[in-house]
$ cat upload-v3.cif   # mmCIF, C-alpha atoms; chains and numbers go by the auth columns
data_my_file
#
loop_
_atom_site.group_PDB
_atom_site.id
_atom_site.type_symbol
_atom_site.label_atom_id
_atom_site.label_comp_id
_atom_site.label_asym_id
_atom_site.label_seq_id
_atom_site.Cartn_x
_atom_site.Cartn_y
_atom_site.Cartn_z
_atom_site.B_iso_or_equiv
_atom_site.auth_seq_id
_atom_site.auth_asym_id
ATOM 1 C CA MET A 1 -22.895 2.136 29.275 0.00 426 A
ATOM 2 C CA LYS A 2 -23.455 5.621 27.944 0.00 427 A
ATOM 3 C CA ARG A 3 -26.722 6.201 26.177 0.00 428 A
ATOM 4 C CA ILE A 4 -28.660 9.120 24.837 0.00 429 A
ATOM 5 C CA GLU A 5 -32.328 9.390 24.146 0.00 430 A
ATOM 6 C CA VAL A 6 -33.124 11.679 21.251 0.00 431 A
ATOM 7 C CA LYS A 7 -36.602 13.149 21.077 0.00 432 A
ATOM 8 C CA LEU A 8 -37.707 13.783 17.535 0.00 433 A
ATOM 9 C CA SER A 9 -40.743 15.410 16.012 0.00 434 A
ATOM 10 C CA ILE A 10 -42.715 12.587 14.427 0.00 435 A
ATOM 11 C CA PRO A 11 -44.457 14.810 11.822 0.00 436 A
ATOM 12 C CA VAL A 12 -41.063 16.155 10.706 0.00 437 A
ATOM 13 C CA VAL A 13 -39.110 12.906 10.752 0.00 438 A
ATOM 14 C CA ALA A 14 -41.733 10.482 9.419 0.00 439 A
ATOM 15 C CA PRO A 15 -41.597 11.799 5.822 0.00 440 A
ATOM 16 C CA LEU A 16 -37.815 11.593 5.905 0.00 441 A
ATOM 17 C CA LEU A 17 -37.993 7.918 6.759 0.00 442 A
ATOM 18 C CA ASP A 18 -39.482 7.225 3.357 0.00 443 A
ATOM 19 C CA VAL A 19 -36.361 8.735 1.811 0.00 444 A
ATOM 20 C CA ILE A 20 -34.058 6.758 4.108 0.00 445 A
ATOM 21 C CA ARG A 21 -35.892 3.516 3.332 0.00 446 A
ATOM 22 C CA ALA A 22 -35.700 4.175 -0.405 0.00 447 A
ATOM 23 C CA MET A 23 -31.963 4.860 -0.175 0.00 448 A
ATOM 24 C CA ALA A 24 -31.434 1.742 1.967 0.00 449 A
ATOM 25 C CA GLU A 25 -33.263 -0.274 -0.660 0.00 450 A
ATOM 26 C CA SER A 26 -31.087 1.148 -3.419 0.00 451 A
ATOM 27 C CA LEU A 27 -27.990 0.318 -1.389 0.00 452 A
ATOM 28 C CA LYS A 28 -28.851 -3.357 -1.107 0.00 453 A
ATOM 29 C CA GLY A 29 -27.014 -4.212 -4.292 0.00 454 A
ATOM 30 C CA SER A 30 -24.315 -1.567 -4.481 0.00 455 A
ATOM 31 C CA LEU A 31 -21.828 0.178 -2.239 0.00 456 A
ATOM 32 C CA ALA A 32 -22.376 3.740 -1.101 0.00 457 A
ATOM 33 C CA SER A 33 -18.826 4.883 -1.812 0.00 458 A
ATOM 34 C CA THR A 34 -16.471 4.192 -4.653 0.00 459 A
ATOM 35 C CA VAL A 35 -14.215 1.259 -3.898 0.00 460 A
ATOM 36 C CA ASP A 36 -11.016 0.912 -5.888 0.00 461 A
ATOM 37 C CA VAL A 37 -9.952 -2.737 -5.900 0.00 462 A
ATOM 38 C CA GLU A 38 -7.196 -2.380 -8.508 0.00 463 A
ATOM 39 C CA SER A 39 -4.431 -2.966 -6.005 0.00 464 A
ATOM 40 C CA ILE A 40 -6.213 -5.884 -4.371 0.00 465 A
ATOM 41 C CA ASP A 41 -5.371 -9.456 -5.348 0.00 466 A
ATOM 42 C CA GLU A 42 -7.673 -10.399 -8.232 0.00 467 A
ATOM 43 C CA ASP A 43 -8.887 -13.549 -6.484 0.00 468 A
ATOM 44 C CA LEU A 44 -9.953 -11.543 -3.462 0.00 469 A
ATOM 45 C CA ARG A 45 -11.880 -8.790 -5.216 0.00 470 A
ATOM 46 C CA GLY A 46 -15.257 -10.509 -5.335 0.00 471 A
ATOM 47 C CA ALA A 47 -15.159 -11.511 -1.683 0.00 472 A
ATOM 48 C CA TRP A 48 -13.863 -8.049 -0.771 0.00 473 A
ATOM 49 C CA ILE A 49 -16.878 -6.317 -2.320 0.00 474 A
ATOM 50 C CA ASP A 50 -19.357 -8.925 -1.038 0.00 475 A
ATOM 51 C CA ASP A 51 -18.072 -8.484 2.475 0.00 476 A
ATOM 52 C CA LEU A 52 -18.390 -4.693 2.310 0.00 477 A
ATOM 53 C CA LEU A 53 -21.881 -4.992 0.905 0.00 478 A
ATOM 54 C CA ALA A 54 -22.990 -7.406 3.619 0.00 479 A
ATOM 55 C CA ALA A 55 -21.589 -5.101 6.317 0.00 480 A
ATOM 56 C CA GLN A 56 -23.292 -2.094 4.737 0.00 481 A
ATOM 57 C CA ASN A 57 -26.651 -3.894 4.673 0.00 482 A
ATOM 58 C CA ARG A 58 -26.321 -5.022 8.292 0.00 483 A
ATOM 59 C CA ASP A 59 -25.634 -1.416 9.305 0.00 484 A
ATOM 60 C CA LEU A 60 -28.644 -0.149 7.362 0.00 485 A
ATOM 61 C CA ASP A 61 -30.930 -2.714 9.017 0.00 486 A
ATOM 62 C CA VAL A 62 -29.899 -1.404 12.431 0.00 487 A
ATOM 63 C CA LEU A 63 -30.556 2.178 11.356 0.00 488 A
ATOM 64 C CA LEU A 64 -34.012 1.346 10.014 0.00 489 A
ATOM 65 C CA ALA A 65 -34.857 -0.633 13.151 0.00 490 A
ATOM 66 C CA LEU A 66 -34.461 2.545 15.218 0.00 491 A
ATOM 67 C CA PHE A 67 -37.665 3.866 13.725 0.00 492 A
ATOM 68 C CA ASP A 68 -39.971 1.132 14.910 0.00 493 A
ATOM 69 C CA GLU A 69 -43.413 1.145 16.540 0.00 494 A
ATOM 70 C CA ASP A 70 -41.955 2.550 19.762 0.00 495 A
ATOM 71 C CA PHE A 71 -40.596 5.497 17.842 0.00 496 A
ATOM 72 C CA PHE A 72 -43.988 6.244 16.317 0.00 497 A
ATOM 73 C CA ARG A 73 -45.574 5.984 19.786 0.00 498 A
ATOM 74 C CA GLU A 74 -43.052 8.009 21.752 0.00 499 A
ATOM 75 C CA GLY A 75 -41.084 9.980 19.167 0.00 500 A
ATOM 76 C CA ALA A 76 -37.766 8.973 20.676 0.00 501 A
ATOM 77 C CA ILE A 77 -34.796 6.922 19.581 0.00 502 A
ATOM 78 C CA LEU A 78 -32.222 5.402 21.872 0.00 503 A
ATOM 79 C CA LEU A 79 -28.561 5.584 20.954 0.00 504 A
ATOM 80 C CA ASP A 80 -25.938 3.802 23.004 0.00 505 A
ATOM 81 C CA GLU A 81 -22.375 2.585 22.758 0.00 506 A
ATOM 82 C CA GLU A 82 -23.549 -0.674 21.210 0.00 507 A
ATOM 83 C CA ASN A 83 -25.458 0.693 18.255 0.00 508 A
ATOM 84 C CA ALA A 84 -23.656 4.030 17.841 0.00 509 A
ATOM 85 C CA GLU A 85 -20.863 2.836 15.577 0.00 510 A
ATOM 86 C CA VAL A 86 -23.180 0.971 13.254 0.00 511 A
ATOM 87 C CA ILE A 87 -25.693 3.806 13.048 0.00 512 A
ATOM 88 C CA THR A 88 -23.003 6.389 12.321 0.00 513 A
ATOM 89 C CA ARG A 89 -21.746 4.248 9.439 0.00 514 A
ATOM 90 C CA ALA A 90 -25.260 3.665 8.128 0.00 515 A
ATOM 91 C CA CYS A 91 -25.916 7.418 8.202 0.00 516 A
ATOM 92 C CA ALA A 92 -22.756 7.908 6.138 0.00 517 A
ATOM 93 C CA ALA A 93 -23.910 5.335 3.592 0.00 518 A
ATOM 94 C CA VAL A 94 -27.325 6.943 3.160 0.00 519 A
ATOM 95 C CA ARG A 95 -25.838 10.445 2.943 0.00 520 A
ATOM 96 C CA LEU A 96 -23.387 9.323 0.261 0.00 521 A
ATOM 97 C CA ARG A 97 -26.189 7.738 -1.753 0.00 522 A
ATOM 98 C CA LEU A 98 -28.388 10.822 -1.375 0.00 523 A
ATOM 99 C CA ARG A 99 -25.532 13.026 -2.559 0.00 524 A
ATOM 100 C CA SER A 100 -24.889 10.889 -5.614 0.00 525 A
ATOM 101 C CA SER A 101 -28.538 10.548 -6.544 0.00 526 A
ATOM 102 C CA GLN A 102 -31.198 13.003 -5.446 0.00 527 A
ATOM 103 C CA LEU A 103 -28.740 15.759 -4.521 0.00 528 A
ATOM 104 C CA SER A 104 -26.338 15.281 -7.396 0.00 529 A
ATOM 105 C CA GLY A 105 -27.458 18.501 -9.046 0.00 530 A
ATOM 106 C CA ILE A 106 -26.173 20.685 -6.215 0.00 531 A
ATOM 107 C CA ASP A 107 -22.623 21.989 -6.424 0.00 532 A
ATOM 108 C CA ASP A 108 -20.126 20.659 -3.865 0.00 533 A
ATOM 109 C CA ARG A 109 -19.168 24.157 -2.768 0.00 534 A
ATOM 110 C CA VAL A 110 -22.780 25.076 -2.130 0.00 535 A
ATOM 111 C CA MET A 111 -23.226 21.934 -0.032 0.00 536 A
ATOM 112 C CA GLU A 112 -20.057 22.548 1.951 0.00 537 A
ATOM 113 C CA GLN A 113 -20.898 26.153 2.699 0.00 538 A
ATOM 114 C CA GLY A 114 -24.085 25.216 4.438 0.00 539 A
ATOM 115 C CA ASN A 115 -27.665 25.226 3.430 0.00 540 A
ATOM 116 C CA PRO A 116 -28.439 25.555 -0.238 0.00 541 A
ATOM 117 C CA ALA A 117 -31.538 27.637 -0.887 0.00 542 A
ATOM 118 C CA LEU A 118 -34.350 25.239 -0.142 0.00 543 A
ATOM 119 C CA ASP A 119 -36.867 27.279 -2.101 0.00 544 A
ATOM 120 C CA ASP A 120 -34.884 26.814 -5.300 0.00 545 A
ATOM 121 C CA LEU A 121 -35.039 23.059 -5.055 0.00 546 A
ATOM 122 C CA PRO A 122 -37.756 20.749 -6.307 0.00 547 A
ATOM 123 C CA GLU A 123 -39.852 19.068 -3.610 0.00 548 A
ATOM 124 C CA SER A 124 -38.076 15.699 -3.890 0.00 549 A
ATOM 125 C CA SER A 125 -34.636 17.296 -3.524 0.00 550 A
ATOM 126 C CA ARG A 126 -35.864 19.420 -0.613 0.00 551 A
ATOM 127 C CA LYS A 127 -36.888 16.306 1.278 0.00 552 A
ATOM 128 C CA ALA A 128 -33.627 14.618 0.360 0.00 553 A
ATOM 129 C CA LEU A 129 -31.658 17.601 1.633 0.00 554 A
ATOM 130 C CA MET A 130 -33.556 17.630 4.934 0.00 555 A
ATOM 131 C CA CYS A 131 -32.808 13.946 5.260 0.00 556 A
ATOM 132 C CA TYR A 132 -29.119 14.570 4.478 0.00 557 A
ATOM 133 C CA VAL A 133 -28.936 17.210 7.218 0.00 558 A
ATOM 134 C CA PHE A 134 -30.937 15.090 9.678 0.00 559 A
ATOM 135 C CA LEU A 135 -28.541 12.151 9.311 0.00 560 A
ATOM 136 C CA ALA A 136 -25.525 14.442 9.720 0.00 561 A
ATOM 137 C CA THR A 137 -27.051 15.760 12.928 0.00 562 A
ATOM 138 C CA MET A 138 -27.469 12.233 14.208 0.00 563 A
ATOM 139 C CA GLN A 139 -23.826 11.520 13.408 0.00 564 A
ATOM 140 C CA GLU A 140 -22.705 14.673 15.236 0.00 565 A
ATOM 141 C CA LEU A 141 -24.810 13.778 18.269 0.00 566 A
ATOM 142 C CA ILE A 142 -23.301 10.314 18.451 0.00 567 A
ATOM 143 C CA ILE A 143 -19.723 11.496 17.944 0.00 568 A
ATOM 144 C CA GLN A 144 -20.044 14.244 20.565 0.00 569 A
ATOM 145 C CA HIS A 145 -21.950 12.386 23.239 0.00 570 A
ATOM 146 C CA LEU A 146 -20.824 8.807 22.953 0.00 571 A
ATOM 147 C CA GLU A 147 -17.083 9.452 22.517 0.00 572 A
ATOM 148 C CA LEU A 148 -17.012 7.202 19.511 0.00 573 A
ATOM 149 C CA GLY A 149 -13.493 8.229 18.573 0.00 574 A
ATOM 150 C CA ASP A 150 -11.927 6.303 21.411 0.00 575 A
ATOM 151 C CA PRO A 151 -10.213 3.163 20.111 0.00 576 A
ATOM 152 C CA ASP A 152 -11.571 -0.178 21.325 0.00 577 A
ATOM 153 C CA MET B 1 61.267 -36.439 -17.150 0.00 1459 B
ATOM 154 C CA SER B 2 59.808 -35.443 -13.906 0.00 1460 B
ATOM 155 C CA LEU B 3 57.802 -37.912 -11.953 0.00 1461 B
ATOM 156 C CA ILE B 4 55.541 -35.293 -10.844 0.00 1462 B
ATOM 157 C CA GLN B 5 53.701 -33.436 -13.396 0.00 1463 B
ATOM 158 C CA ALA B 6 52.061 -30.405 -12.192 0.00 1464 B
ATOM 159 C CA LYS B 7 49.286 -29.054 -14.215 0.00 1465 B
ATOM 160 C CA THR B 8 47.881 -25.731 -13.563 0.00 1466 B
ATOM 161 C CA GLU B 9 44.422 -24.907 -14.583 0.00 1467 B
ATOM 162 C CA VAL B 10 42.696 -21.702 -14.070 0.00 1468 B
ATOM 163 C CA CYS B 11 39.537 -22.334 -12.194 0.00 1469 B
ATOM 164 C CA PRO B 12 36.736 -20.174 -13.288 0.00 1470 B
ATOM 165 C CA GLU B 13 35.468 -17.746 -10.721 0.00 1471 B
ATOM 166 C CA PRO B 14 32.581 -19.235 -8.843 0.00 1472 B
ATOM 167 C CA GLN B 15 29.397 -17.833 -10.208 0.00 1473 B
ATOM 168 C CA THR B 16 27.477 -16.295 -7.430 0.00 1474 B
ATOM 169 C CA SER B 17 24.609 -13.971 -7.547 0.00 1475 B
ATOM 170 C CA THR B 18 22.936 -12.252 -4.753 0.00 1476 B
ATOM 171 C CA ALA B 19 19.357 -11.332 -5.158 0.00 1477 B
ATOM 172 C CA VAL B 20 18.252 -8.827 -2.614 0.00 1478 B
ATOM 173 C CA ALA B 21 14.525 -8.836 -2.249 0.00 1479 B
ATOM 174 C CA PHE B 22 13.396 -5.541 -0.865 0.00 1480 B
ATOM 175 C CA ASP B 23 10.071 -5.634 0.871 0.00 1481 B
ATOM 176 C CA VAL B 24 7.810 -3.200 -0.852 0.00 1482 B
ATOM 177 C CA ARG B 25 5.991 -1.039 1.604 0.00 1483 B
ATOM 178 C CA TRP B 26 2.396 -0.175 1.016 0.00 1484 B
ATOM 179 C CA HIS B 27 0.560 3.032 1.747 0.00 1485 B
ATOM 180 C CA VAL B 28 -3.025 3.259 2.875 0.00 1486 B
ATOM 181 C CA VAL B 29 -4.282 6.456 1.259 0.00 1487 B
ATOM 182 C CA VAL B 30 -7.587 8.117 2.095 0.00 1488 B
ATOM 183 C CA LEU B 31 -9.077 10.307 -0.620 0.00 1489 B
ATOM 184 C CA ASN B 32 -11.328 13.297 -0.153 0.00 1490 B
ATOM 185 C CA ASP B 33 -15.057 13.053 -0.557 0.00 1491 B
ATOM 186 C CA PRO B 34 -17.438 15.970 -0.311 0.00 1492 B
ATOM 187 C CA VAL B 35 -19.953 14.192 1.913 0.00 1493 B
ATOM 188 C CA ASN B 36 -18.464 12.783 5.080 0.00 1494 B
ATOM 189 C CA LEU B 37 -18.269 15.215 7.988 0.00 1495 B
ATOM 190 C CA MET B 38 -14.854 16.330 9.225 0.00 1496 B
ATOM 191 C CA SER B 39 -15.729 15.167 12.736 0.00 1497 B
ATOM 192 C CA TYR B 40 -16.721 11.783 11.301 0.00 1498 B
ATOM 193 C CA VAL B 41 -13.404 11.378 9.467 0.00 1499 B
ATOM 194 C CA VAL B 42 -11.453 12.327 12.615 0.00 1500 B
ATOM 195 C CA MET B 43 -13.500 9.841 14.621 0.00 1501 B
ATOM 196 C CA VAL B 44 -12.835 7.053 12.113 0.00 1502 B
ATOM 197 C CA PHE B 45 -9.069 7.688 12.137 0.00 1503 B
ATOM 198 C CA ARG B 46 -9.037 7.635 15.938 0.00 1504 B
ATOM 199 C CA LYS B 47 -11.135 4.498 16.058 0.00 1505 B
ATOM 200 C CA VAL B 48 -9.320 2.510 13.368 0.00 1506 B
ATOM 201 C CA PHE B 49 -5.708 3.520 14.006 0.00 1507 B
ATOM 202 C CA GLY B 50 -5.912 4.655 17.613 0.00 1508 B
ATOM 203 C CA PHE B 51 -4.538 8.050 16.597 0.00 1509 B
ATOM 204 C CA PRO B 52 -4.618 10.811 19.183 0.00 1510 B
ATOM 205 C CA GLU B 53 -7.026 13.627 18.342 0.00 1511 B
ATOM 206 C CA VAL B 54 -4.290 15.962 17.030 0.00 1512 B
ATOM 207 C CA ARG B 55 -2.876 13.385 14.611 0.00 1513 B
ATOM 208 C CA ALA B 56 -6.312 12.342 13.429 0.00 1514 B
ATOM 209 C CA ARG B 57 -7.196 15.975 12.736 0.00 1515 B
ATOM 210 C CA LYS B 58 -3.917 16.482 10.843 0.00 1516 B
ATOM 211 C CA HIS B 59 -4.726 13.602 8.500 0.00 1517 B
ATOM 212 C CA MET B 60 -8.331 14.747 8.102 0.00 1518 B
ATOM 213 C CA LEU B 61 -7.146 18.230 7.094 0.00 1519 B
ATOM 214 C CA GLU B 62 -4.690 16.731 4.607 0.00 1520 B
ATOM 215 C CA VAL B 63 -7.532 14.768 3.058 0.00 1521 B
ATOM 216 C CA HIS B 64 -9.721 17.858 2.973 0.00 1522 B
ATOM 217 C CA GLU B 65 -7.142 20.317 1.668 0.00 1523 B
ATOM 218 C CA ASP B 66 -4.778 18.171 -0.404 0.00 1524 B
ATOM 219 C CA GLY B 67 -7.329 15.620 -1.537 0.00 1525 B
ATOM 220 C CA ARG B 68 -5.486 12.687 0.031 0.00 1526 B
ATOM 221 C CA SER B 69 -3.508 11.585 3.032 0.00 1527 B
ATOM 222 C CA ILE B 70 -1.253 8.608 3.695 0.00 1528 B
ATOM 223 C CA VAL B 71 -2.648 7.327 6.958 0.00 1529 B
ATOM 224 C CA TRP B 72 -0.561 4.200 7.338 0.00 1530 B
ATOM 225 C CA THR B 73 2.462 2.537 5.710 0.00 1531 B
ATOM 226 C CA GLY B 74 3.695 -1.016 6.083 0.00 1532 B
ATOM 227 C CA GLU B 75 3.190 -4.549 4.890 0.00 1533 B
ATOM 228 C CA ARG B 76 0.672 -5.236 2.174 0.00 1534 B
ATOM 229 C CA GLU B 77 -1.554 -7.578 4.149 0.00 1535 B
ATOM 230 C CA GLN B 78 -2.014 -5.141 7.005 0.00 1536 B
ATOM 231 C CA ALA B 79 -2.467 -2.248 4.559 0.00 1537 B
ATOM 232 C CA GLU B 80 -5.277 -4.157 2.849 0.00 1538 B
ATOM 233 C CA ALA B 81 -6.890 -4.934 6.183 0.00 1539 B
ATOM 234 C CA TYR B 82 -6.867 -1.241 7.115 0.00 1540 B
ATOM 235 C CA ALA B 83 -8.205 -0.252 3.698 0.00 1541 B
ATOM 236 C CA HIS B 84 -11.049 -2.715 4.045 0.00 1542 B
ATOM 237 C CA THR B 85 -11.956 -1.362 7.475 0.00 1543 B
ATOM 238 C CA LEU B 86 -11.868 2.240 6.229 0.00 1544 B
ATOM 239 C CA GLN B 87 -14.053 1.269 3.276 0.00 1545 B
ATOM 240 C CA GLN B 88 -16.535 -0.233 5.724 0.00 1546 B
ATOM 241 C CA TRP B 89 -16.656 3.238 7.239 0.00 1547 B
ATOM 242 C CA HIS B 90 -17.316 4.569 3.712 0.00 1548 B
ATOM 243 C CA LEU B 91 -14.054 6.474 3.369 0.00 1549 B
ATOM 244 C CA MET B 92 -12.596 6.365 -0.129 0.00 1550 B
ATOM 245 C CA THR B 93 -9.399 4.432 0.434 0.00 1551 B
ATOM 246 C CA ILE B 94 -6.743 2.969 -1.818 0.00 1552 B
ATOM 247 C CA VAL B 95 -3.682 0.842 -1.199 0.00 1553 B
ATOM 248 C CA VAL B 96 -0.614 1.966 -3.125 0.00 1554 B
ATOM 249 C CA ALA B 97 2.845 0.415 -3.337 0.00 1555 B
ATOM 250 C CA ASP B 98 5.517 2.773 -2.060 0.00 1556 B
ATOM 251 C CA GLU B 99 7.519 2.533 -5.287 0.00 1557 B
ATOM 252 C CA ALA B 100 4.557 3.648 -7.323 0.00 1558 B
ATOM 253 C CA TYR B 101 3.582 6.538 -5.133 0.00 1559 B
#
$ encode --input "upload-v3.cif" --output "structure tokens"
Amino acid sequence: MKRIEVKLSIPVVAPLLDVIRAMAESLKGSLASTVDVESIDEDLRGAWIDDLLAAQNRDLDVLLALFDEDFFREGAILLDEENAEVITRACAAVRLRLRSSQLSGIDDRVMEQGNPALDDLPESSRKALMCYVFLATMQELIIQHLELGDPD
Amino acid sequence: MSLIQAKTEVCPEPQTSTAVAFDVRWHVVVLNDPVNLMSYVVMVFRKVFGFPEVRARKHMLEVHEDGRSIVWTGEREQAEAYAHTLQQWHLMTIVVADEAY
């Protein structure tokens, strides 16, 4: 089984975990992305959303569990083929929620072009942006090193 | 007087109707969002549909540049299953009947 150990700077990452935890909490009762159920059978809609929400929350639990006592002792997280898929999805959920909440004031084009000027942002948005970039980096690492694109 | 009386009646044409039920095909359509990474979208398409890299990238670019891409077409039940899986990956996905698209 392929695995990668990612060494992280605890002083840099620890403050971002507060943001991730807050976003995970806010995602407990609502989906990260817009889900259009208009075309879905009316009887199925409730179960459809519930199922997505349950899956989203399971993914987020796995992401949060990465940053446990071992992480705070050693500053490393372990990514492997078993947790990679779930963590990549959880990162997407948190990034979507960050974008629609704390980073909603930044223009899409500015976000797509790269780094918005950090100095122009309020402290809370700055931290949110760092978190947004950190989670994207984790996704890139997983996609590149664990060949996640290969079908099962 | 004839012993045999022949009577001719015009039988009405048998009423037949043929109802042809066309199976409506359903599209799974992925919509653009400004958050998910291009590499992530490509990875999801490869993972979910088993697309080769080139095809997955083609659909990702369609989503990015045109705002949407039809990633699969077929029966409704399977289309819904794919849409649900893509939504689990947080891609904005809709299922649309072919006739309405």
$ interface_residues --input "upload-v3.cif" --of "chain B" --to "chain A" --cutoff "6 Å" --atoms "all atoms listed in the file" --output "ChimeraX atom specification"
/B:1501,1504-1505,1508,1546-1548
$ resolve_selection --input "upload-v3.cif" --expression "the PyMOL selection byres ((chain B and resi 1525) around 12)" --output "list in words"
Val1487, Val1488, Leu1489, Asn1490, Asp1491, Pro1492, His1517, Met1518, Leu1519, Glu1520, Val1521, His1522, Glu1523, Asp1524, Arg1526, Ser1527, Ile1528, Met1550 and Thr1551 of chain B
$ residues_around --input "upload-v3.cif" --residues "segment 428-432 of chain A" --least-positions-apart "4" --cutoff "8 Å" --atoms "all atoms listed in the file" --output "PyMOL selection string"
chain A and resi 500-506+570-571
$ write_last_selection --input "upload-v3.cif" --atoms "C-alpha atoms" --output "CSV table (one decimal), in the frame of the given file"
chain,number,residue,atom,x,y,z
A,500,GLY,CA,-41.1,10.0,19.2
A,501,ALA,CA,-37.8,9.0,20.7
A,502,ILE,CA,-34.8,6.9,19.6
A,503,LEU,CA,-32.2,5.4,21.9
A,504,LEU,CA,-28.6,5.6,21.0
A,505,ASP,CA,-25.9,3.8,23.0
A,506,GLU,CA,-22.4,2.6,22.8
A,570,HIS,CA,-22.0,12.4,23.2
A,571,LEU,CA,-20.8,8.8,23.0
$ atom_distance --input "upload-v3.cif" --atom1 "atom CA of Ala449 of chain A" --atom2 "atom CA of Val487 of chain A"
11.0 Å
$ atom_distance --input "upload-v3.cif" --atom1 "atom CA of Leu452 of chain A" --atom2 "atom CA of Val519 of chain A"
8.1 Å
$ resolve_selection --input "upload-v3.cif" --expression "the PyMOL selection byres ((chain A and resi 548-555) around 9)" --output "ChimeraX atom specification"
/A:440-441,444-445,523-524,527-528,540-541,543-547,556-560
$ residues_around --input "upload-v3.cif" --residues "Asp1556 of chain B" --least-positions-apart "2" --cutoff "12 Å" --atoms "only C-alpha atoms" --output "PDB file with C-alpha atoms, in the coordinates of the input"
ATOM      1  CA  PHE B1480      13.396  -5.541  -0.865  1.00  0.00           C
ATOM      2  CA  ASP B1481      10.071  -5.634   0.871  1.00  0.00           C
ATOM      3  CA  VAL B1482       7.810  -3.200  -0.852  1.00  0.00           C
ATOM      4  CA  ARG B1483       5.991  -1.039   1.604  1.00  0.00           C
ATOM      5  CA  TRP B1484       2.396  -0.175   1.016  1.00  0.00           C
ATOM      6  CA  HIS B1485       0.560   3.032   1.747  1.00  0.00           C
ATOM      7  CA  VAL B1486      -3.025   3.259   2.875  1.00  0.00           C
ATOM      8  CA  VAL B1487      -4.282   6.456   1.259  1.00  0.00           C
ATOM      9  CA  ILE B1528      -1.253   8.608   3.695  1.00  0.00           C
ATOM     10  CA  TRP B1530      -0.561   4.200   7.338  1.00  0.00           C
ATOM     11  CA  THR B1531       2.462   2.537   5.710  1.00  0.00           C
ATOM     12  CA  GLY B1532       3.695  -1.016   6.083  1.00  0.00           C
ATOM     13  CA  GLU B1533       3.190  -4.549   4.890  1.00  0.00           C
ATOM     14  CA  ARG B1534       0.672  -5.236   2.174  1.00  0.00           C
ATOM     15  CA  ALA B1537      -2.467  -2.248   4.559  1.00  0.00           C
ATOM     16  CA  VAL B1553      -3.682   0.842  -1.199  1.00  0.00           C
ATOM     17  CA  VAL B1554      -0.614   1.966  -3.125  1.00  0.00           C
ATOM     18  CA  ALA B1558       4.557   3.648  -7.323  1.00  0.00           C
ATOM     19  CA  TYR B1559       3.582   6.538  -5.133  1.00  0.00           C
TER      20      TYR B1559
END
$ atom_distance --input "upload-v3.cif" --atom1 "atom CA of Met426 of chain A" --atom2 "atom CA of Glu507 of chain A"
8.6 Å
$ closest_residue --input "upload-v3.cif" --among "A:Asp493, A:Val437, A:Leu469, A:Lys427" --to "Glu1538 of chain B" --atoms "all atoms listed in the file"
A:Leu469
$ axis_aligned_box --input "upload-v3.cif" --around "segment 1513-1529 of chain B" --padding-each-side "5 Å" --output "AutoDock Vina command-line options"
--center_x -5.5 --center_y 13.8 --center_z 6.5 --size_x 18.5 --size_y 23.0 --size_z 26.1
